[in-house]
$ cat coords39.cif   # mmCIF, C-alpha atoms
data_protein
#
loop_
_atom_site.label_atom_id
_atom_site.label_comp_id
_atom_site.auth_asym_id
_atom_site.auth_seq_id
_atom_site.Cartn_x
_atom_site.Cartn_y
_atom_site.Cartn_z
CA MET J 256 0.00 0.00 0.00
CA ARG J 257 1.19 3.54 -0.80
CA ILE J 258 0.77 5.77 2.26
CA ALA J 259 1.13 9.52 2.70
CA VAL J 260 1.88 10.63 6.26
CA ILE J 261 0.99 14.29 6.85
CA GLY J 262 2.98 15.70 9.75
CA ALA J 263 6.60 14.94 10.62
CA GLY J 264 6.64 15.39 14.38
CA SER J 265 7.65 12.50 16.62
CA TRP J 266 4.44 10.52 16.11
CA GLY J 267 4.23 11.11 12.35
CA THR J 268 7.90 10.18 11.93
CA ALA J 269 7.49 7.03 14.02
CA LEU J 270 4.45 5.91 12.02
CA ALA J 271 6.23 6.61 8.74
CA ILE J 272 9.21 4.52 9.89
CA HIS J 273 6.88 1.69 10.92
CA PHE J 274 4.87 1.71 7.68
CA ALA J 275 8.09 1.55 5.63
CA ARG J 276 9.29 -1.40 7.71
CA ALA J 277 5.91 -3.06 7.15
CA GLY J 278 6.57 -2.98 3.40
CA CYS J 279 4.52 0.06 2.41
CA GLY J 280 5.70 2.81 0.11
CA VAL J 281 5.69 5.91 2.34
CA THR J 282 5.90 9.63 1.66
CA LEU J 283 6.20 11.84 4.74
CA TRP J 284 5.16 15.48 4.44
CA ALA J 285 6.99 18.01 6.61
CA ARG J 286 6.34 21.74 6.75
CA GLU J 287 9.81 22.43 8.16
CA ALA J 288 12.49 22.82 5.47
CA GLU J 289 15.19 21.51 7.83
CA ILE J 290 13.37 18.18 8.15
CA VAL J 291 13.22 17.78 4.37
CA GLU J 292 16.90 18.69 4.05
CA GLY J 293 17.93 16.41 6.91
CA ALA J 294 16.08 13.48 5.34
CA ARG J 295 17.70 14.17 1.96
CA THR J 296 21.27 14.54 3.18
CA ARG J 297 21.47 12.40 6.33
CA ARG J 298 18.38 10.14 6.16
CA ARG J 299 17.25 11.46 9.55
CA ASN J 300 14.64 13.88 10.89
CA PRO J 301 16.85 16.45 12.64
CA LEU J 302 14.04 17.85 14.83
CA PHE J 303 12.11 14.78 15.99
CA LEU J 304 13.44 11.29 16.77
CA ALA J 305 16.74 12.53 15.40
CA ASP J 306 18.63 9.38 16.43
CA PHE J 307 16.66 7.09 14.08
CA ASP J 308 17.61 6.38 10.49
CA LEU J 309 14.80 6.65 7.97
CA PRO J 310 14.41 3.24 6.32
CA PRO J 311 14.42 2.56 2.57
CA GLY J 312 10.99 3.07 1.06
CA LEU J 313 10.39 6.30 3.00
CA THR J 314 10.74 9.64 1.23
CA VAL J 315 10.25 13.10 2.74
CA THR J 316 8.86 16.13 0.96
CA GLY J 317 7.71 19.65 1.72
CA ASP J 318 5.20 19.58 -1.16
CA ILE J 319 1.84 18.41 0.14
CA ALA J 320 0.45 17.77 -3.34
CA HIS J 321 3.41 15.53 -4.16
CA ALA J 322 3.08 13.74 -0.82
CA VAL J 323 -0.45 12.50 -1.54
CA ALA J 324 -0.29 12.25 -5.34
CA GLU J 325 -0.33 8.44 -5.51
CA ALA J 326 -1.45 7.65 -1.96
CA GLU J 327 -3.91 4.85 -1.32
CA ALA J 328 -4.26 6.05 2.28
CA VAL J 329 -3.54 9.40 3.91
CA VAL J 330 -2.44 9.29 7.56
CA PHE J 331 -2.93 12.67 9.24
CA VAL J 332 -0.68 13.38 12.23
CA VAL J 333 -0.95 17.14 12.76
CA PRO J 334 -1.80 18.46 16.27
CA VAL J 335 -5.54 19.03 16.49
CA GLN J 336 -5.34 22.76 17.25
CA PHE J 337 -3.46 23.29 13.95
CA ALA J 338 -5.34 20.72 11.87
CA ARG J 339 -7.73 22.96 9.95
CA ALA J 340 -5.04 25.03 8.25
CA VAL J 341 -3.23 21.92 6.99
CA LEU J 342 -6.47 20.23 5.91
CA ARG J 343 -7.29 23.28 3.79
CA GLU J 344 -3.92 22.93 2.07
CA LEU J 345 -4.58 19.24 1.60
CA ARG J 346 -8.15 19.48 0.30
CA PRO J 347 -7.45 20.03 -3.44
CA HIS J 348 -5.02 17.11 -3.52
CA VAL J 349 -6.67 14.21 -1.63
CA PRO J 350 -6.86 11.23 -4.03
CA ALA J 351 -10.39 10.13 -4.85
CA GLY J 352 -11.44 7.21 -2.67
CA ALA J 353 -8.40 7.26 -0.37
CA PRO J 354 -9.31 6.96 3.32
CA LEU J 355 -8.02 9.56 5.74
CA VAL J 356 -6.63 7.97 8.89
CA SER J 357 -6.37 10.44 11.77
CA ALA J 358 -3.66 9.72 14.33
CA SER J 359 -4.17 13.13 15.99
CA LYS J 360 -5.50 12.99 19.55
CA GLY J 361 -7.39 15.94 20.94
CA ILE J 362 -10.45 18.17 20.83
CA GLU J 363 -10.39 21.55 19.10
CA VAL J 364 -10.82 24.27 21.71
CA ALA J 365 -12.45 26.87 19.43
CA SER J 366 -15.23 24.56 18.21
CA LEU J 367 -15.14 21.62 20.71
CA ALA J 368 -14.99 19.41 17.61
CA ARG J 369 -13.41 15.96 17.28
CA MET J 370 -11.10 15.17 14.38
CA ASP J 371 -13.81 13.32 12.42
CA GLU J 372 -15.96 16.46 12.61
CA ILE J 373 -13.06 18.71 11.60
CA VAL J 374 -12.11 16.47 8.67
CA THR J 375 -15.71 16.25 7.46
CA ALA J 376 -16.07 20.03 7.58
CA GLU J 377 -12.76 20.84 5.88
CA LEU J 378 -12.43 18.03 3.32
CA GLY J 379 -16.06 17.11 2.73
CA LEU J 380 -15.21 13.40 2.93
CA ALA J 381 -17.93 10.79 3.23
CA PRO J 382 -18.00 9.35 6.78
CA GLU J 383 -16.91 5.92 5.53
CA ARG J 384 -13.58 7.40 4.41
CA PHE J 385 -12.58 8.53 7.92
CA VAL J 386 -10.65 6.20 10.24
CA ALA J 387 -9.35 6.99 13.75
CA LEU J 388 -6.04 5.47 14.85
CA SER J 389 -5.45 5.38 18.60
CA GLY J 390 -4.01 3.27 21.39
CA PRO J 391 -1.05 2.95 23.78
CA SER J 392 1.81 3.80 21.46
CA PHE J 393 4.75 5.99 22.40
CA ALA J 394 6.46 7.27 19.27
CA ARG J 395 9.96 6.30 20.39
CA GLU J 396 9.00 2.69 21.12
CA VAL J 397 7.23 2.39 17.75
CA ALA J 398 10.35 3.72 16.02
CA GLN J 399 12.42 1.18 17.97
CA GLY J 400 10.18 -1.61 16.72
CA ARG J 401 9.02 -2.64 20.19
CA PRO J 402 5.76 -4.63 20.39
CA THR J 403 2.74 -2.31 20.20
CA ALA J 404 -1.02 -2.65 19.66
CA ALA J 405 -3.53 -0.01 18.61
CA VAL J 406 -7.01 0.39 17.15
CA LEU J 407 -8.29 1.47 13.75
CA ALA J 408 -11.86 2.70 14.16
CA GLY J 409 -14.07 3.14 11.13
CA PRO J 410 -17.28 1.98 9.50
CA GLY J 411 -15.84 -1.45 8.69
CA GLY J 412 -15.79 -3.33 5.43
CA SER J 413 -12.99 -4.22 3.06
CA SER J 414 -11.30 -0.82 3.22
CA LEU J 415 -10.78 -0.98 7.01
CA ASN J 416 -9.57 -4.57 6.77
CA ALA J 417 -7.12 -3.59 4.03
CA LEU J 418 -5.68 -0.87 6.26
CA GLN J 419 -5.40 -3.34 9.13
CA ARG J 420 -3.45 -5.82 6.99
CA SER J 421 -1.16 -3.20 5.47
CA PHE J 422 -0.43 -1.40 8.74
CA SER J 423 0.28 -4.52 10.83
CA ASN J 424 3.50 -6.48 11.12
CA GLY J 425 5.29 -8.53 13.77
CA ALA J 426 6.02 -5.43 15.86
CA PHE J 427 2.77 -3.48 15.56
CA ARG J 428 -0.63 -5.17 15.72
CA PHE J 429 -3.78 -3.28 14.76
CA TYR J 430 -7.30 -4.18 15.86
CA THR J 431 -10.44 -2.82 14.18
CA ALA J 432 -13.43 -1.18 15.82
CA SER J 433 -16.58 0.64 14.72
CA ASP J 434 -16.85 3.18 17.57
CA VAL J 435 -15.16 6.18 15.95
CA VAL J 436 -16.56 8.65 18.49
CA GLY J 437 -15.49 6.56 21.49
CA VAL J 438 -11.99 5.86 20.16
CA GLU J 439 -11.40 9.53 19.37
CA LEU J 440 -12.67 10.74 22.73
CA ALA J 441 -10.77 8.07 24.66
CA GLY J 442 -7.51 9.03 22.95
CA ALA J 443 -8.09 12.72 23.61
CA LEU J 444 -9.46 12.68 27.14
CA LYS J 445 -6.86 10.35 28.67
CA ASN J 446 -4.32 13.16 28.23
CA VAL J 447 -6.21 15.20 30.83
CA VAL J 448 -5.78 12.41 33.38
CA ALA J 449 -2.12 12.10 32.36
CA ILE J 450 -1.54 15.73 33.37
CA ALA J 451 -3.23 15.01 36.69
CA ALA J 452 -1.04 11.93 37.21
CA GLY J 453 2.04 14.02 36.51
CA ILE J 454 0.95 16.62 39.05
CA ALA J 455 0.52 13.84 41.63
CA GLU J 456 4.05 12.63 40.87
CA GLY J 457 5.47 16.14 41.11
CA LEU J 458 3.82 16.58 44.50
CA GLU J 459 5.11 13.14 45.64
CA LEU J 460 1.61 12.02 46.64
CA GLY J 461 2.44 8.32 46.40
CA GLN J 462 1.14 5.29 44.54
CA ASN J 463 -2.16 5.07 46.42
CA ALA J 464 -3.13 8.52 45.18
CA THR J 465 -2.06 7.75 41.61
CA ALA J 466 -4.08 4.53 41.52
CA ALA J 467 -7.17 6.31 42.80
CA LEU J 468 -6.63 9.15 40.33
CA LEU J 469 -6.37 6.81 37.34
CA THR J 470 -9.45 4.84 38.38
CA ARG J 471 -11.63 7.89 38.98
CA GLY J 472 -10.17 9.65 35.96
CA LEU J 473 -11.11 6.74 33.69
CA HIS J 474 -14.58 6.77 35.21
CA GLU J 475 -15.20 10.42 34.44
CA ILE J 476 -13.79 10.44 30.91
CA ALA J 477 -15.88 7.37 30.09
CA ARG J 478 -18.95 9.10 31.47
CA LEU J 479 -18.39 12.11 29.22
CA GLY J 480 -17.52 9.89 26.26
CA VAL J 481 -20.74 7.90 26.58
CA ARG J 482 -22.77 11.10 26.93
CA LEU J 483 -21.24 12.34 23.66
CA GLY J 484 -22.06 9.15 21.75
CA GLY J 485 -19.20 6.74 22.45
CA ARG J 486 -19.64 3.23 23.80
CA GLU J 487 -18.66 2.42 27.38
CA GLU J 488 -16.68 -0.69 26.42
CA THR J 489 -14.38 1.39 24.21
CA PHE J 490 -13.01 3.07 27.34
CA ARG J 491 -12.01 -0.34 28.71
CA GLY J 492 -10.00 -1.12 25.56
CA LEU J 493 -6.71 -0.10 23.99
CA ALA J 494 -7.77 3.46 23.13
CA GLY J 495 -9.12 4.02 26.65
CA MET J 496 -7.65 2.08 29.54
CA GLY J 497 -4.63 0.94 27.51
CA ASP J 498 -3.56 4.43 26.53
CA LEU J 499 -4.41 5.81 29.97
CA VAL J 500 -2.19 3.27 31.75
CA LEU J 501 0.68 3.99 29.35
CA THR J 502 0.56 7.78 29.57
CA CYS J 503 0.14 7.85 33.36
CA SER J 504 2.80 5.28 34.27
CA PRO J 505 5.90 6.32 36.26
CA GLY J 506 8.86 6.88 33.98
CA SER J 507 6.40 7.54 31.17
CA LEU J 508 7.51 9.13 27.90
CA SER J 509 4.23 11.08 27.85
CA ARG J 510 4.57 14.81 27.19
CA ASN J 511 1.28 15.39 29.00
CA ARG J 512 2.41 13.60 32.14
CA SER J 513 5.67 15.55 32.01
CA VAL J 514 3.72 18.82 31.89
CA GLY J 515 1.83 17.78 35.01
CA GLU J 516 4.97 16.71 36.86
CA ARG J 517 6.64 20.04 36.18
CA LEU J 518 3.52 21.87 37.36
CA GLY J 519 3.67 19.80 40.53
CA HIS J 520 7.26 20.92 40.99
CA GLY J 521 6.13 24.54 40.83
CA GLU J 522 7.14 25.51 37.27
CA ARG J 523 5.07 27.99 35.26
CA LEU J 524 2.94 26.66 32.43
CA PRO J 525 4.30 29.08 29.75
CA ASP J 526 7.84 27.95 30.54
CA ILE J 527 6.83 24.28 30.34
CA LEU J 528 5.16 24.73 26.94
CA ALA J 529 8.06 26.67 25.37
CA GLY J 530 9.59 23.69 23.50
CA ARG J 531 8.78 22.19 20.10
CA GLU J 532 6.83 19.19 21.35
CA VAL J 533 3.06 19.68 21.68
CA ALA J 534 1.18 18.57 24.81
CA GLU J 535 -2.34 18.07 23.44
CA GLY J 536 -3.72 17.54 26.93
CA VAL J 537 -3.45 21.25 27.80
CA PRO J 538 -5.98 22.56 25.24
CA THR J 539 -7.98 19.33 25.48
CA THR J 540 -8.47 19.88 29.23
CA ARG J 541 -10.19 23.18 28.52
CA ALA J 542 -12.30 21.66 25.73
CA ALA J 543 -13.27 18.66 27.87
CA ALA J 544 -14.27 20.86 30.80
CA GLU J 545 -16.47 22.99 28.56
CA LEU J 546 -18.08 19.92 26.98
CA ALA J 547 -18.76 18.55 30.47
CA ARG J 548 -20.42 21.78 31.57
CA ARG J 549 -22.57 21.96 28.44
CA ASN J 550 -23.67 18.35 28.82
CA GLY J 551 -24.18 18.36 32.58
CA VAL J 552 -21.41 15.84 33.29
CA GLU J 553 -19.56 16.05 36.61
CA MET J 554 -15.78 15.74 36.04
CA PRO J 555 -13.93 16.73 39.22
CA VAL J 556 -10.46 15.65 38.03
CA THR J 557 -10.85 17.50 34.73
CA PHE J 558 -12.24 20.62 36.39
CA THR J 559 -9.37 20.61 38.88
CA VAL J 560 -6.72 20.26 36.18
CA GLU J 561 -8.40 23.11 34.27
CA ALA J 562 -8.22 25.32 37.37
CA ILE J 563 -4.51 24.54 37.81
CA LEU J 564 -3.73 25.26 34.14
CA ASP J 565 -5.64 28.55 34.35
CA GLY J 566 -3.80 29.56 37.53
CA ARG J 567 -6.96 29.59 39.66
CA LEU J 568 -5.75 26.81 41.93
CA ALA J 569 -2.30 25.78 43.13
CA PRO J 570 -1.47 22.07 42.74
CA ARG J 571 -1.25 21.47 46.50
CA GLU J 572 -4.60 23.22 47.04
CA ALA J 573 -6.11 21.03 44.33
CA VAL J 574 -5.36 17.89 46.32
CA THR J 575 -7.28 19.25 49.30
CA ALA J 576 -10.17 20.27 47.05
CA LEU J 577 -10.47 16.77 45.57
CA MET J 578 -10.05 14.91 48.86
CA THR J 579 -12.64 16.99 50.72
CA ARG J 580 -15.45 16.76 48.17
CA SER J 581 -18.76 15.43 49.49
CA LEU J 582 -18.68 11.69 50.10
CA LYS J 583 -20.43 9.47 47.53
CA GLU J 584 -21.22 5.91 46.57
CA GLU J 585 -18.85 4.52 43.95
CA SER J 586 -20.42 4.15 40.53
CA ILE J 587 -19.00 3.04 37.22
CA LEU J 588 -20.99 5.34 34.96
#
$ encode --input "coords39.cif" --output "C-alpha cells"
Amino acid sequence: MRIAVIGAGSWGTALAIHFARAGCGVTLWAREAEIVEGARTRRRNPLFLADFDLPPGLTVTGDIAHAVAEAEAVVFVVPVQFARAVLRELRPHVPAGAPLVSASKGIEVASLARMDEIVTAELGLAPERFVALSGPSFAREVAQGRPTAAVLAGPGGSSLNALQRSFSNGAFRFYTASDVVGVELAGALKNVVAIAAGIAEGLELGQNATAALLTRGLHEIARLGVRLGGREETFRGLAGMGDLVLTCSPGSLSRNRSVGERLGHGERLPDILAGREVAEGVPTTRAAAELARRNGVEMPVTFTVEAILDGRLAPREAVTALMTRSLKEESIL
C-alpha cells in the first residue's frame, strides 16, 4: 500500500518509519524545510526522533500535493489545534477514494470538535472514508520496533480490513473497531488524566493517590464519552484504559504527564510549553471541561486540572479540594 503521512513530528515520523518497515511505500510530508533537508542529506529527521535512520521506502517532501499524489491512504498526524489550516492545504489534492486515517489525539478548543468532525467540515469526505487510529503507542518505542497494539476505528468493510493488513507487522498489531466517536474521545481525554497523574508525581503524593486518580479519571472520561455518543466498552479497551495506563505510568515518555509533573514541581505553564513538542492535553483539558459543563457531566479531576492550568488553583490546594469533596457511593458510569 502507498501511504502519505501528513505531519513529521515525533508521532508522524514514528508511524512513517513503521509503515516503511511493514513494506509500504511511504511519503512523509513536513512543513519544516530543515526536516526535508535532513532526510535528503542524512536520512534522519533532525528535529524529531533525530537518532533514528529513515528506512528505505520512506521519502520526505515539503510539497503536500506531491506527498499524496499516488497515496492509497492518507495518515494525518498534525496536532488538532493546527489541523484545519493543513487540511485546507490538503483538500485540493486528496486522491479520490483514499481513506483519511487520523492519528491526531485531541479536541479543538475553538469549536469543541473531534477530528472526524473537523475532517468532514474541511475536506467534505464521506464518513466511511474517515478512520481513527489510537491506542497505547509511544512514538519512540514504535520507532524502535518494540511490540505495540492499537485500534483502527471506522465503518468497517474491506477498506478498514485492508488498512489493518497493510499497517500490521510482527512489531505493531492493529485491531479494528466501529466506535469512531469513542476511540477519538478516549484518545483525547486520557491526556487530561495524564496531566493530573504528573501533578501527583510532582507533588510526591504516592502510589495510592495515583491509583485512585487513574481509576476515577477513567470513570469520568468514560462518562463524558458515553454522553457524547461513544460506547462504554471502548473506554475499557486499547484506546481508553490501555492508553491511559501507558501515559500515566511512572517513567512515562508522555509529554502530557511531564507537563503535570513540572507543574507539581512549581514551574510555570508558559515555561513548560516553550519547546517544540506539543502537549495536546493542555488545550484538550479546557475543551473537555467545557463539553462537560454543556452536557451536565460532573468531572472533578478535569475541572481541577483546568483550574490549575488557568492559575486559579495551586497544585497542593487542588489535592485538598479533591479529597474533601462530598462523600459518595462509587459508581462506574
$ residues_around --input "coords39.cif" --residues "Leu378 (chain J)" --least-positions-apart "5" --cutoff "9 Å" --atoms "only C-alpha atoms" --output "list in words"
Leu342, Arg343, Leu345, Arg346, Pro347, Val349 and Ile373 of chain J
$ resolve_selection --input "coords39.cif" --expression "the PyMOL selection byres ((chain J and resi 469) around 12)" --output "VMD selection string"
chain J and resid 445 to 453 455 462 to 468 470 to 477 495 to 504 556 to 557
$ resolve_selection --input "coords39.cif" --expression "the PyMOL selection byres ((chain J and resi 560-568) around 9)" --output "ChimeraX atom specification"
/J:447-448,450-451,454,515,518,524,537,540-541,544,555-559,569-573
$ resolve_selection --input "coords39.cif" --expression "the PyMOL selection byres ((chain J and resi 310) around 8)" --output "ChimeraX atom specification"
/J:272,275-276,298,308-309,311-313
$ atom_distance --input "coords39.cif" --atom1 "CA of Gly492 (chain J)" --atom2 "CA of Leu440 (chain J)"
12.5 Å
$ atom_distance --input "coords39.cif" --atom1 "CA of Thr489 (chain J)" --atom2 "CA of Thr268 (chain J)"
26.9 Å
$ atom_distance --input "coords39.cif" --atom1 "CA of Phe274 (chain J)" --atom2 "CA of Ser413 (chain J)"
19.4 Å
$ residues_around --input "coords39.cif" --residues "region 291-293 of chain J" --least-positions-apart "2" --cutoff "10 Å" --atoms "only C-alpha atoms" --output "list in words"
Ala263, Leu283, Trp284, Ala285, Arg286, Glu287, Ala288, Glu289, Arg295, Thr296, Arg297, Arg298, Arg299, Asn300, Pro301, Leu302, Ala305, Thr314, Val315, Thr316, Gly317 and Asp318 of chain J
$ closest_residue --input "coords39.cif" --among "J:Leu458, J:Val435, J:Ala322, J:Leu508" --to "Arg486 (chain J)" --atoms "all atoms listed in the file"
J:Val435
$ closest_residue --input "coords39.cif" --among "J:Glu516, J:Asp371, J:Glu363, J:Glu439" --to "Gly480 (chain J)" --atoms "all atoms listed in the file"
J:Glu439
